[in-house]
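Dumped run-v2.txt below, it's compact mmCIF, C-alpha atoms:
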```
# COMPACT_ATOMS: atom_id res chain seq x y z
CA MET A 1 26.96 12.71 -21.81
CA TYR A 2 26.79 11.66 -25.44
CA GLU A 3 25.51 8.12 -25.91
CA ARG A 4 25.50 6.26 -29.16
CA PRO A 5 21.87 5.32 -29.82
CA ARG A 6 22.83 1.66 -30.29
CA ARG A 7 24.35 1.39 -26.81
CA ALA A 8 21.37 3.19 -25.32
CA ARG A 9 18.99 0.70 -26.92
CA ILE A 10 21.00 -2.25 -25.61
CA VAL A 11 20.93 -0.84 -22.07
CA LEU A 12 17.17 -0.34 -22.33
CA ALA A 13 16.61 -3.88 -23.63
CA VAL A 14 18.75 -5.40 -20.84
CA LEU A 15 16.91 -3.47 -18.11
CA LEU A 16 13.45 -4.31 -19.46
CA ALA A 17 14.42 -7.98 -19.79
CA ALA A 18 15.79 -7.94 -16.22
CA SER A 19 12.47 -6.54 -14.96
CA ILE A 20 10.46 -9.23 -16.69
CA VAL A 21 12.78 -11.95 -15.37
CA LEU A 22 12.34 -10.51 -11.85
CA ILE A 23 8.55 -10.58 -12.18
CA THR A 24 8.73 -14.22 -13.28
CA ILE A 25 11.07 -15.25 -10.47
CA ASP A 26 8.97 -13.39 -7.91
CA PHE A 27 5.82 -15.21 -8.96
CA ARG A 28 7.39 -18.65 -9.01
CA GLN A 29 9.50 -18.44 -5.89
CA HIS A 30 8.73 -19.91 -2.52
CA ALA A 31 9.71 -18.24 0.76
CA GLY A 32 13.49 -18.04 0.94
CA GLY A 33 14.02 -17.56 -2.79
CA PRO A 34 16.47 -15.00 -4.20
CA VAL A 35 13.92 -12.18 -4.62
CA ASP A 36 12.62 -12.91 -1.12
CA ARG A 37 16.15 -12.47 0.28
CA LEU A 38 16.56 -9.26 -1.72
CA GLN A 39 13.30 -7.96 -0.26
CA ARG A 40 14.40 -8.72 3.30
CA LEU A 41 17.70 -6.96 2.61
CA ALA A 42 15.89 -3.86 1.31
CA ILE A 43 13.63 -3.74 4.36
CA ALA A 44 16.58 -4.24 6.71
CA VAL A 45 18.51 -1.39 5.03
CA PHE A 46 15.64 1.09 4.72
CA GLY A 47 13.86 0.16 7.98
CA PRO A 48 16.11 2.17 10.33
CA LEU A 49 16.11 5.14 7.91
CA GLN A 50 12.30 5.04 7.68
CA GLN A 51 12.05 4.73 11.45
CA GLY A 52 14.22 7.82 11.92
CA ALA A 53 12.43 9.82 9.23
CA SER A 54 9.06 8.78 10.61
CA ALA A 55 9.95 9.93 14.13
CA VAL A 56 10.97 13.34 12.79
CA VAL A 57 8.08 14.01 10.43
CA ARG A 58 5.16 12.30 12.19
CA PRO A 59 3.96 15.32 14.23
CA VAL A 60 4.11 17.57 11.15
CA VAL A 61 2.37 15.02 8.93
CA ASP A 62 -0.37 14.42 11.49
CA LEU A 63 -1.03 18.15 11.67
CA ALA A 64 -1.07 18.54 7.88
CA GLY A 65 -3.34 15.51 7.61
CA GLY A 66 -5.73 17.16 10.07
CA VAL A 67 -5.87 20.36 8.03
CA ALA A 68 -6.39 18.45 4.79
CA GLY A 69 -9.24 16.63 6.50
CA LEU A 70 -11.19 19.85 7.18
CA GLY A 71 -12.87 19.65 3.79
CA GLY A 72 -14.33 16.30 4.71
CA LEU A 73 -15.96 17.65 7.89
CA ARG A 74 -19.06 18.92 6.13
CA ARG A 75 -19.60 15.56 4.49
CA ASP A 76 -18.92 13.84 7.82
CA ASN A 77 -21.49 16.09 9.46
CA ARG A 78 -24.16 15.14 6.95
CA ARG A 79 -23.29 11.49 7.36
CA LEU A 80 -23.44 11.78 11.13
CA GLU A 81 -26.85 13.47 11.00
CA ALA A 82 -28.14 10.56 8.97
CA GLU A 83 -26.52 8.29 11.52
CA VAL A 84 -28.33 10.03 14.38
CA ALA A 85 -31.64 9.56 12.60
CA ARG A 86 -30.85 5.91 12.13
CA LEU A 87 -29.87 5.51 15.77
CA HIS A 88 -33.13 7.15 16.88
CA ALA A 89 -34.94 4.54 14.89
CA GLN A 90 -32.80 1.84 16.39
CA GLU A 91 -33.51 3.04 19.91
CA ARG A 92 -36.98 1.60 19.52
CA THR A 93 -35.49 -1.80 19.06
CA TYR A 94 -33.24 -1.25 22.04
CA ALA A 95 -33.74 -4.72 23.46
CA ASP A 96 -32.61 -6.17 20.18
CA VAL A 97 -29.51 -4.02 20.16
CA LEU A 98 -28.76 -4.96 23.74
CA GLU A 99 -28.79 -8.60 22.80
CA GLU A 100 -26.54 -7.94 19.85
CA ASN A 101 -24.22 -6.05 22.15
CA GLY A 102 -24.06 -9.05 24.45
CA ARG A 103 -23.09 -11.25 21.55
CA LEU A 104 -20.50 -8.78 20.39
CA ARG A 105 -19.03 -8.62 23.86
CA GLY A 106 -18.85 -12.37 23.85
CA THR A 107 -16.92 -12.23 20.61
CA LEU A 108 -14.48 -9.69 21.95
CA GLY A 109 -14.13 -11.64 25.14
CA MET A 110 -13.35 -14.71 23.15
CA ALA A 111 -10.57 -12.90 21.33
CA ARG A 112 -9.16 -11.92 24.68
CA ARG A 113 -9.69 -15.33 26.20
CA CYS A 114 -8.14 -17.17 23.27
CA GLY A 115 -4.81 -16.82 24.99
CA CYS A 116 -3.24 -14.89 22.14
CA ARG A 117 0.02 -13.28 23.19
CA THR A 118 0.63 -10.05 21.29
CA VAL A 119 3.78 -8.09 20.55
CA GLY A 120 3.36 -4.33 20.31
CA ALA A 121 4.89 -2.49 17.36
CA SER A 122 4.89 1.00 15.87
CA VAL A 123 4.23 1.70 12.22
CA VAL A 124 7.45 3.14 10.75
CA ALA A 125 6.37 3.49 7.11
CA SER A 126 3.52 2.84 4.74
CA SER A 127 3.62 1.48 1.24
CA GLY A 128 4.20 4.37 -1.13
CA SER A 129 2.24 2.67 -3.89
CA ASN A 130 -1.33 3.52 -4.78
CA PHE A 131 -2.10 -0.10 -5.55
CA GLN A 132 -0.63 -1.84 -2.54
CA LEU A 133 -1.87 -1.21 0.97
CA SER A 134 0.75 -2.33 3.45
CA VAL A 135 2.76 -0.92 6.34
CA THR A 136 6.18 -1.61 7.83
CA VAL A 137 6.33 -2.09 11.62
CA ASP A 138 9.29 -2.11 13.98
CA ALA A 139 9.02 -5.67 15.26
CA GLY A 140 10.62 -8.65 13.58
CA SER A 141 11.83 -12.18 14.08
CA ARG A 142 13.81 -11.08 17.15
CA GLN A 143 10.45 -10.36 18.81
CA GLY A 144 9.03 -13.67 17.65
CA VAL A 145 7.13 -12.34 14.63
CA GLU A 146 6.60 -14.79 11.78
CA ARG A 147 4.99 -14.68 8.38
CA ASP A 148 1.18 -15.00 8.25
CA MET A 149 0.61 -13.83 11.82
CA ALA A 150 -2.48 -11.73 12.46
CA VAL A 151 -2.05 -8.02 13.24
CA VAL A 152 -4.64 -6.04 15.22
CA ASP A 153 -5.06 -2.54 16.59
CA ALA A 154 -7.19 -1.49 19.56
CA ASP A 155 -10.40 -1.77 17.51
CA GLY A 156 -10.01 -4.76 15.23
CA LEU A 157 -8.10 -6.76 12.67
CA VAL A 158 -5.48 -4.81 10.69
CA GLY A 159 -3.90 -7.42 8.44
CA ARG A 160 -1.41 -10.22 8.05
CA VAL A 161 2.39 -10.31 8.22
CA THR A 162 3.84 -10.93 4.75
CA GLN A 163 7.58 -10.35 5.20
CA VAL A 164 9.87 -10.49 8.25
CA THR A 165 13.43 -9.35 8.90
CA ALA A 166 15.28 -9.39 12.22
CA ASP A 167 13.81 -6.06 13.37
CA TYR A 168 11.04 -5.18 10.92
CA ALA A 169 8.00 -6.75 9.34
CA THR A 170 5.63 -5.75 6.55
CA VAL A 171 1.91 -6.13 7.08
CA LEU A 172 -0.59 -6.52 4.25
CA LEU A 173 -3.70 -4.54 5.24
CA ILE A 174 -7.13 -6.16 5.01
CA THR A 175 -8.20 -3.41 2.58
CA ASP A 176 -5.64 -4.50 -0.03
CA PRO A 177 -7.16 -6.24 -3.06
CA ALA A 178 -4.77 -9.17 -2.52
CA SER A 179 -6.15 -9.79 0.97
CA GLY A 180 -8.79 -12.46 1.56
CA ILE A 181 -9.81 -13.66 5.01
CA ALA A 182 -12.10 -16.44 6.14
CA ALA A 183 -14.80 -14.67 8.13
CA SER A 184 -18.26 -15.11 9.51
CA LEU A 185 -21.14 -12.98 10.65
CA ALA A 186 -21.08 -12.86 14.43
CA ARG A 187 -24.85 -13.31 14.33
CA GLY A 188 -25.84 -16.67 12.92
CA LYS A 189 -22.25 -17.70 12.18
CA ALA A 190 -22.79 -17.53 8.42
CA PRO A 191 -19.38 -18.23 6.87
CA GLY A 192 -17.85 -16.19 4.06
CA ILE A 193 -14.78 -14.42 2.80
CA VAL A 194 -13.78 -10.83 3.51
CA LYS A 195 -11.86 -9.32 0.62
CA GLY A 196 -10.16 -5.97 0.27
CA SER A 197 -10.96 -3.73 -2.67
CA GLY A 198 -8.32 -1.05 -2.38
CA GLU A 199 -10.98 1.29 -1.03
CA GLN A 200 -11.95 2.00 2.57
CA LEU A 201 -14.70 -0.62 2.63
CA LEU A 202 -14.21 -4.38 2.54
CA SER A 203 -16.51 -6.78 0.76
CA PHE A 204 -18.00 -9.81 2.51
CA GLN A 205 -18.92 -12.70 0.23
CA PRO A 206 -21.14 -15.25 1.95
CA VAL A 207 -20.41 -18.84 1.06
CA ARG A 208 -24.03 -19.96 1.05
CA ALA A 209 -26.67 -18.49 -1.21
CA GLY A 210 -29.59 -17.14 0.76
CA THR A 211 -27.48 -15.98 3.70
CA LYS A 212 -29.36 -13.24 5.52
CA VAL A 213 -27.18 -10.18 6.07
CA GLU A 214 -28.36 -6.99 7.71
CA ARG A 215 -26.82 -3.60 8.08
CA GLY A 216 -25.03 -3.34 11.42
CA ASP A 217 -24.10 -7.01 11.63
CA PRO A 218 -20.59 -7.45 13.03
CA VAL A 219 -18.13 -9.56 11.02
CA VAL A 220 -15.43 -11.59 12.77
CA THR A 221 -12.64 -13.90 11.67
CA GLN A 222 -13.50 -17.53 11.16
CA GLY A 223 -11.10 -19.97 12.74
CA TYR A 224 -10.55 -23.43 11.44
CA GLN A 225 -7.72 -25.85 11.83
CA GLY A 226 -4.67 -24.55 10.02
CA SER A 227 -6.15 -21.13 9.39
CA VAL A 228 -4.01 -18.03 9.57
CA PHE A 229 -6.17 -16.19 12.05
CA PRO A 230 -7.62 -17.21 15.38
CA ALA A 231 -11.42 -17.23 15.44
CA GLY A 232 -13.47 -14.32 16.67
CA LEU A 233 -11.19 -11.35 15.96
CA PRO A 234 -13.50 -8.43 15.14
CA ILE A 235 -13.06 -7.29 11.52
CA GLY A 236 -15.81 -4.74 10.91
CA VAL A 237 -19.48 -3.98 10.69
CA VAL A 238 -21.82 -4.39 7.71
CA GLU A 239 -22.49 -0.97 6.22
CA ARG A 240 -24.38 -1.71 3.01
CA VAL A 241 -26.13 -4.72 1.53
CA ASP A 242 -26.98 -5.03 -2.18
CA PRO A 243 -29.41 -7.93 -2.26
CA ALA A 244 -28.83 -10.95 -4.45
CA GLY A 245 -30.24 -10.45 -7.91
CA ALA A 246 -29.73 -11.38 -11.50
CA ALA A 247 -26.05 -10.49 -11.38
CA SER A 248 -25.13 -12.53 -8.35
CA LEU A 249 -26.54 -15.40 -6.33
CA VAL A 250 -25.28 -14.05 -3.05
CA PRO A 251 -25.82 -10.54 -1.68
CA ARG A 252 -22.97 -8.07 -2.09
CA VAL A 253 -22.03 -6.82 1.35
CA ALA A 254 -19.83 -3.82 2.13
CA VAL A 255 -18.08 -3.95 5.51
CA ARG A 256 -16.52 -1.00 7.31
CA PRO A 257 -13.38 -2.12 9.16
CA TYR A 258 -13.21 -1.41 12.91
CA ALA A 259 -9.47 -0.76 12.75
CA SER A 260 -8.42 2.80 11.85
CA LEU A 261 -6.42 1.67 8.83
CA GLY A 262 -5.89 5.19 7.47
CA ALA A 263 -3.99 6.40 10.52
CA LEU A 264 -2.30 3.37 12.01
CA ASP A 265 0.14 4.11 14.78
CA VAL A 266 0.55 1.26 17.24
CA VAL A 267 -0.45 -2.29 16.37
CA GLY A 268 -0.31 -5.67 18.08
CA ILE A 269 0.97 -8.82 16.38
CA LEU A 270 -0.54 -12.07 17.61
CA VAL A 271 2.64 -14.09 18.03
CA GLU A 272 1.08 -17.02 19.82
CA ARG A 273 -1.87 -18.64 18.20
CA PRO A 274 -4.28 -20.41 20.47
CA THR A 275 -3.82 -24.15 20.61
CA PRO A 276 -6.57 -25.78 18.57
CA PRO A 277 -9.12 -27.65 20.63
CA VAL A 278 -8.26 -31.31 21.02
CA ARG A 279 -10.78 -33.43 19.25
CA GLY A 280 -11.75 -36.52 21.21
CA ASN A 281 -11.91 -39.73 19.21
CA MET B 1 31.20 13.80 -5.43
CA ARG B 2 30.42 11.63 -8.42
CA ARG B 3 27.10 11.63 -10.19
CA PRO B 4 26.05 8.08 -9.16
CA PHE B 5 26.40 9.11 -5.54
CA ALA B 6 24.27 12.22 -6.12
CA LEU B 7 21.61 10.12 -7.83
CA ALA B 8 21.68 7.58 -4.99
CA VAL B 9 21.02 10.42 -2.53
CA VAL B 10 18.07 11.57 -4.66
CA LEU B 11 16.70 8.02 -4.65
CA VAL B 12 17.04 7.42 -0.89
CA VAL B 13 15.48 10.78 -0.02
CA ALA B 14 12.62 10.20 -2.46
CA VAL B 15 11.90 6.73 -1.00
CA LEU B 16 11.95 8.03 2.58
CA VAL B 17 9.70 11.00 1.83
CA GLN B 18 7.31 8.80 -0.15
CA SER B 19 6.95 6.12 2.53
CA THR B 20 6.87 8.28 5.66
CA VAL B 21 5.34 11.61 4.57
CA LEU B 22 3.41 11.32 1.31
CA ALA B 23 2.01 7.86 2.10
CA ARG B 24 -0.02 9.53 4.87
CA LEU B 25 -0.96 12.68 2.95
CA THR B 26 -3.58 11.24 0.62
CA LEU B 27 -5.76 13.61 -1.40
CA ALA B 28 -9.00 12.15 -2.75
CA GLY B 29 -7.75 8.72 -1.73
CA VAL B 30 -4.50 8.70 -3.70
CA ARG B 31 -0.91 9.45 -2.78
CA PRO B 32 1.46 11.21 -5.16
CA ASP B 33 4.22 9.18 -6.78
CA LEU B 34 7.39 11.01 -5.84
CA LEU B 35 9.54 8.23 -7.32
CA VAL B 36 8.23 8.66 -10.86
CA LEU B 37 8.67 12.40 -10.43
CA ALA B 38 12.30 11.78 -9.46
CA VAL B 39 12.76 9.49 -12.47
CA VAL B 40 11.38 12.16 -14.82
CA SER B 41 13.54 14.87 -13.23
CA VAL B 42 16.70 12.78 -13.52
CA ALA B 43 15.91 11.78 -17.11
CA VAL B 44 15.29 15.40 -18.11
CA ALA B 45 18.44 16.62 -16.40
CA THR B 46 20.68 13.88 -17.82
CA ASP B 47 20.19 11.45 -20.74
CA PRO B 48 18.05 8.43 -21.73
CA VAL B 49 20.50 5.82 -20.42
CA THR B 50 20.90 7.45 -17.01
CA GLY B 51 17.13 7.91 -16.90
CA ALA B 52 16.51 4.24 -17.66
CA VAL B 53 19.09 2.98 -15.13
CA PHE B 54 17.80 5.34 -12.41
CA GLY B 55 14.25 4.26 -13.26
CA PHE B 56 15.17 0.59 -12.96
CA VAL B 57 16.85 0.99 -9.57
CA ALA B 58 14.10 3.26 -8.22
CA GLY B 59 11.42 0.85 -9.41
CA LEU B 60 13.22 -2.13 -7.91
CA VAL B 61 13.53 -0.42 -4.51
CA ALA B 62 9.85 0.59 -4.66
CA ASP B 63 8.78 -2.96 -5.50
CA LEU B 64 10.84 -4.45 -2.68
CA LEU B 65 9.87 -1.93 0.00
CA PHE B 66 6.25 -1.34 -0.93
CA ASP B 67 5.45 -5.06 -1.12
CA LEU B 68 4.54 -5.01 -4.83
CA PRO B 69 5.20 -7.90 -7.22
CA VAL B 70 8.95 -7.40 -7.72
CA GLY B 71 9.79 -6.08 -11.18
CA VAL B 72 6.53 -4.30 -11.99
CA SER B 73 7.58 -0.76 -11.06
CA ALA B 74 11.13 -1.49 -12.30
CA LEU B 75 9.75 -2.31 -15.74
CA VAL B 76 7.52 0.76 -15.93
CA TYR B 77 10.01 3.24 -14.45
CA THR B 78 12.75 2.00 -16.80
CA ALA B 79 10.50 2.70 -19.78
CA VAL B 80 9.47 6.08 -18.35
CA GLY B 81 13.08 7.11 -17.69
CA PHE B 82 14.19 6.16 -21.18
CA ALA B 83 11.18 7.70 -22.92
CA VAL B 84 11.42 11.00 -21.05
CA GLY B 85 15.18 11.16 -21.64
CA THR B 86 14.62 10.58 -25.36
CA VAL B 87 11.83 13.13 -25.66
CA ARG B 88 13.95 15.62 -23.75
CA VAL B 89 16.49 15.67 -26.59
CA TYR B 90 13.84 17.17 -28.86
CA VAL B 91 12.50 19.62 -26.30
CA THR B 92 14.52 22.78 -26.57
CA SER B 93 12.06 25.03 -24.79
CA HIS B 94 12.76 26.09 -21.23
CA ARG B 95 9.17 27.15 -20.65
CA PRO B 96 7.80 25.59 -17.44
CA LEU B 97 4.58 24.55 -19.18
CA VAL B 98 6.41 22.14 -21.48
CA HIS B 99 8.05 20.44 -18.52
CA LEU B 100 4.80 20.29 -16.57
CA VAL B 101 3.14 18.55 -19.51
CA LEU B 102 6.07 16.11 -19.56
CA VAL B 103 5.70 15.35 -15.84
CA GLY B 104 1.92 15.03 -16.09
CA ALA B 105 2.03 12.69 -19.08
CA ALA B 106 4.81 10.56 -17.56
CA SER B 107 2.96 10.25 -14.22
CA LEU B 108 -0.31 9.33 -15.91
CA ALA B 109 1.38 6.75 -18.13
CA SER B 110 3.36 5.28 -15.24
CA VAL B 111 0.33 4.89 -12.94
CA TRP B 112 -1.82 3.41 -15.68
CA CYS B 113 0.90 0.97 -16.82
CA CYS B 114 1.67 -0.18 -13.24
CA GLY B 115 -2.06 -0.48 -12.59
CA LEU B 116 -2.58 -2.44 -15.79
CA LEU B 117 0.18 -4.92 -14.85
CA LEU B 118 -1.23 -5.32 -11.35
CA ARG B 119 -4.72 -5.76 -12.81
CA VAL B 120 -3.33 -8.58 -14.93
CA PHE B 121 -2.14 -10.24 -11.71
CA ASP B 122 -5.58 -9.50 -10.20
CA LEU B 123 -4.09 -7.23 -7.55
CA SER B 124 -6.16 -4.18 -8.42
CA SER B 125 -9.49 -3.20 -9.94
CA TRP B 126 -10.15 -1.36 -13.21
CA ALA B 127 -12.00 1.40 -11.40
CA ALA B 128 -9.15 2.04 -8.97
CA VAL B 129 -6.56 2.09 -11.78
CA ALA B 130 -8.56 4.44 -14.02
CA ARG B 131 -9.26 6.80 -11.14
CA ALA B 132 -5.71 6.85 -9.74
CA GLY B 133 -4.03 7.90 -13.02
CA PRO B 134 -5.24 11.51 -13.43
CA LEU B 135 -5.31 12.14 -9.67
CA VAL B 136 -1.70 11.05 -9.17
CA ALA B 137 -0.65 13.09 -12.23
CA ALA B 138 -2.34 16.20 -10.78
CA TYR B 139 -0.80 15.60 -7.34
CA ASN B 140 2.64 15.14 -8.93
CA LEU B 141 2.27 18.43 -10.82
CA LEU B 142 1.80 20.18 -7.47
CA LEU B 143 5.09 18.67 -6.25
CA THR B 144 7.06 19.37 -9.44
CA PRO B 145 8.20 22.89 -8.47
CA PHE B 146 9.82 21.45 -5.33
CA VAL B 147 11.51 18.41 -6.86
CA TYR B 148 12.55 19.50 -10.37
CA PRO B 149 14.91 22.36 -9.48
CA VAL B 150 16.62 20.35 -6.73
CA VAL B 151 17.43 17.42 -9.01
CA TRP B 152 18.39 19.81 -11.80
CA ALA B 153 20.80 21.77 -9.62
CA LEU B 154 22.29 18.60 -8.17
CA THR B 155 23.05 16.96 -11.53
CA GLU B 156 24.20 20.27 -13.02
CA ARG B 157 26.67 20.79 -10.24
CA VAL B 158 27.91 17.21 -10.35
CA PRO B 159 29.38 16.48 -13.79
CA ALA B 160 28.94 13.03 -15.28
CA ARG B 161 32.68 12.54 -15.40
CA PRO B 162 35.29 14.41 -13.38
CA ALA B 163 37.00 17.06 -15.49
CA ARG B 164 40.45 15.80 -14.60
CA ARG B 165 41.34 12.15 -14.38
CA TRP B 166 43.76 10.83 -11.87
```
What would you get if you wrote out this structure as structure tokens?
Amino acid sequence: MYERPRRARIVLAVLLAASIVLITIDFRQHAGGPVDRLQRLAIAVFGPLQQGASAVVRPVVDLAGGVAGLGGLRRDNRRLEAEVARLHAQERTYADVLEENGRLRGTLGMARRCGCRTVGASVVASSGSNFQLSVTVDAGSRQGVERDMAVVDADGLVGRVTQVTADYATVLLITDPASGIAASLARGKAPGIVKGSGEQLLSFQPVRAGTKVERGDPVVTQGYQGSVFPAGLPIGVVERVDPAGAASLVPRVAVRPYASLGALDVVGILVERPTPPVRGN
Amino acid sequence: MRRPFALAVVLVVAVLVQSTVLARLTLAGVRPDLLVLAVVSVAVATDPVTGAVFGFVAGLVADLLFDLPVGVSALVYTAVGFAVGTVRVYVTSHRPLVHLVLVGAASLASVWCCGLLLRVFDLSSWAAVARAGPLVAAYNLLLTPFVYPVVWALTERVPARPARRW
């Protein structure tokens, strides 16, 4: 098709301007704005298609993923050997570990006791972008899902609901750089923020300088009035601590999430938040 | 079958494959960008305007579905579609290498530009952006032999305008 260069340039200019206007609207809008409605429409249209495609290709993809993972086995093996050595060392402080275990159990029990009602959902698609870590699940407002609800899998916190249609919802994973969660160390209750970095590990930033963090410390969500997440949901375990130094007042802490975020299949959405404790006057 | 319909089919299939298959098949921590590959293929097989329009729509759908700031991919893919379509006019060679270089350069530029925009909004880190560019480009090159000929054949078979008007 022959195009006069002038017309082509006008089309280009219009499209680029439209994109920039969209970015502006998207950043200024509140929930329910025009771009928000457009997004819900897109999810509602593509959701069933993705669900169908996912059901067909999942077994094949899982197999291929397994084969691709073979290369990582050697590295895993080395890591596990180091882990065994570490565990041998830890065996000597067994009593300590036992106590920690008790505390951890308490935490998990609390999550269960908090009276959170969950809705089960399957992951139908993941974000195709390299810079955004989110998934689409097949539960929506019909099942009682709302924006900002916490999403968990069998092992720990997965993320937060960011968009809801009648039958589908998108979930921002805790590993996404845009994700920040109020958290605390299960031991000592030191408060902080867990942020995603786009990589597998999360970073925990303690609020107070001089917070003591040790490798192996569990990290859980911090609940306060009006917070998105109920307290005590397990997030992950401290894997590495770079002590505070000249660069930073607080130690830099890397946290490995409990949830298997790379291969999510079935998740639970906490549709009923626990009622906050009544404060006596 | 008109060309817009054919291009819409290309877009829907690319989005589905990207979000259900390729999103789970990460190599070295990155996933390929099938959408930019589709944009390049369409731009090469047609003209700058079609490339830009296809890029805009593909980017918009990606932004909406993949939970990105809406407009970021649309902006970048529009530019990629137009640029590749324009360069294509001057590329007379049919040698595969030339087209592979085109795909590689377009993928690299697209990932880096999207990453740069997201970095401006503080939604990504410099390290992740720098690393993702070459890896996504390499991954896309592996997929090129499967995507390019399909899009080419589809647009070749479906003329821009029907030969006879009625």
Nearest to Leu65 of chain B by atom-to-atom distance, counting all atoms listed in the file, from A:Ala85, A:Ala169, A:Val56, A:Ala8: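 Of A:Ala85, A:Ala169, A:Val56, A:Ala8, the one nearest Leu65 of chain B is A:Ala169, counting all atoms listed in the file.
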What are the closest atom pairs, with distances in Å to one decimal, for each residue of chain B lying within 7 Å of chain A, using all atoms listed in the file, rows by chain and rising residue number, as a tab-separated table?
```
residue	atom	partner	partner_atom	distance
B:Leu16	CA	A:Gln50	CA	5.9
B:Gln18	CA	A:Gly128	CA	5.5
B:Ser19	CA	A:Gly128	CA	4.9
B:Thr20	CA	A:Ala125	CA	5.0
B:Val21	CA	A:Val61	CA	6.3
B:Ala23	CA	A:Gly128	CA	5.2
B:Leu25	CA	A:Gly65	CA	5.9
B:Val30	CA	A:Asn130	CA	6.2
B:Arg31	CA	A:Asn130	CA	6.3
B:Asp47	CA	A:Met1	CA	7.0
B:Val49	CA	A:Ala8	CA	5.6
B:Ala52	CA	A:Leu12	CA	6.6
B:Phe56	CA	A:Leu15	CA	6.8
B:Leu64	CA	A:Gln39	CA	4.9
B:Leu65	CA	A:Ile43	CA	6.0
B:Phe66	CA	A:Ser127	CA	4.4
B:Leu68	CA	A:Gln132	CA	6.5
B:Pro69	CA	A:Ile23	CA	6.6
B:Val70	CA	A:Ile23	CA	5.5
B:Gly71	CA	A:Ser19	CA	4.7
B:Val72	CA	A:Ile23	CA	6.6
B:Ala74	CA	A:Ser19	CA	5.9
B:Leu75	CA	A:Ser19	CA	5.1
B:Thr78	CA	A:Leu16	CA	6.9
B:Leu123	CA	A:Ala178	CA	5.4
B:Ser124	CA	A:Pro177	CA	5.8
B:Ala160	CA	A:Met1	CA	6.8
```
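All residues that come within 7 Å of the coordinates (-1.2, 6.3, -9.5), counting only C-alpha atoms, are given as Asn130 of chain A; Asp33, Val111, Trp112, Ala132, Gly133 and Val136 of chain B.
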So that I have them on file, write out the residues from the current selection with C-alpha atoms, as a PDB file, in the coordinates of the input.
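again-v5.pdb, freshly written:
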```pdb
ATOM      1  CA  ASN A 130      -1.330   3.520  -4.780  1.00  0.00           C
TER       2      ASN A 130
ATOM      3  CA  ASP B  33       4.220   9.180  -6.780  1.00  0.00           C
ATOM      4  CA  VAL B 111       0.330   4.890 -12.940  1.00  0.00           C
ATOM      5  CA  TRP B 112      -1.820   3.410 -15.680  1.00  0.00           C
ATOM      6  CA  ALA B 132      -5.710   6.850  -9.740  1.00  0.00           C
ATOM      7  CA  GLY B 133      -4.030   7.900 -13.020  1.00  0.00           C
ATOM      8  CA  VAL B 136      -1.700  11.050  -9.170  1.00  0.00           C
TER       9      VAL B 136
END
```
Length of the atom CA of Tyr139 of chain B to atom CA of Pro32 of chain B vector [Å]: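 So the answer is 5.4 Å.
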For Tyr77 of chain B, the nearest of the candidates B:Ala138, B:Ala105, B:Leu116, B:Val36, counting all atoms listed in the file: B:Val36
Minimum-distance residue to Glu272 of chain A, chosen among A:Pro234, A:Pro243, A:Gly210, A:Gly144 (using all atoms listed in the file):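 Nearest to Glu272 of chain A: A:Gly144.
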Can you put N, CA and C atoms back into segment 22-31 of chain B and show it as an mmCIF file, in the coordinates of the input?
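And here is the file that came out, out.cif:
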```
data_model
loop_
_atom_site.group_PDB
_atom_site.id
_atom_site.type_symbol
_atom_site.label_atom_id
_atom_site.label_comp_id
_atom_site.auth_asym_id
_atom_site.auth_seq_id
_atom_site.Cartn_x
_atom_site.Cartn_y
_atom_site.Cartn_z
ATOM 1 N N LEU B 22 4.471 11.264 2.321
ATOM 2 C CA LEU B 22 3.410 11.320 1.310
ATOM 3 C C LEU B 22 2.434 10.157 1.423
ATOM 4 N N ALA B 23 2.913 9.007 1.957
ATOM 5 C CA ALA B 23 2.010 7.860 2.100
ATOM 6 C C ALA B 23 0.844 8.205 3.013
ATOM 7 N N ARG B 24 1.045 9.159 3.931
ATOM 8 C CA ARG B 24 -0.020 9.530 4.870
ATOM 9 C C ARG B 24 -0.819 10.736 4.387
ATOM 10 N N LEU B 25 -0.271 11.473 3.424
ATOM 11 C CA LEU B 25 -0.960 12.680 2.950
ATOM 12 C C LEU B 25 -1.747 12.361 1.677
ATOM 13 N N THR B 26 -2.802 11.579 1.807
ATOM 14 C CA THR B 26 -3.580 11.240 0.620
ATOM 15 C C THR B 26 -4.575 12.356 0.332
ATOM 16 N N LEU B 27 -4.720 12.683 -0.947
ATOM 17 C CA LEU B 27 -5.760 13.610 -1.400
ATOM 18 C C LEU B 27 -6.703 12.818 -2.279
ATOM 19 N N ALA B 28 -7.993 12.891 -1.981
ATOM 20 C CA ALA B 28 -9.000 12.150 -2.750
ATOM 21 C C ALA B 28 -8.644 10.675 -2.853
ATOM 22 N N GLY B 29 -8.008 10.154 -1.791
ATOM 23 C CA GLY B 29 -7.750 8.720 -1.730
ATOM 24 C C GLY B 29 -6.486 8.251 -2.422
ATOM 25 N N VAL B 30 -5.746 9.148 -3.072
ATOM 26 C CA VAL B 30 -4.500 8.700 -3.700
ATOM 27 C C VAL B 30 -3.313 9.434 -3.082
ATOM 28 N N ARG B 31 -2.134 8.799 -3.201
ATOM 29 C CA ARG B 31 -0.910 9.450 -2.780
ATOM 30 C C ARG B 31 -0.130 9.793 -4.043
#
```
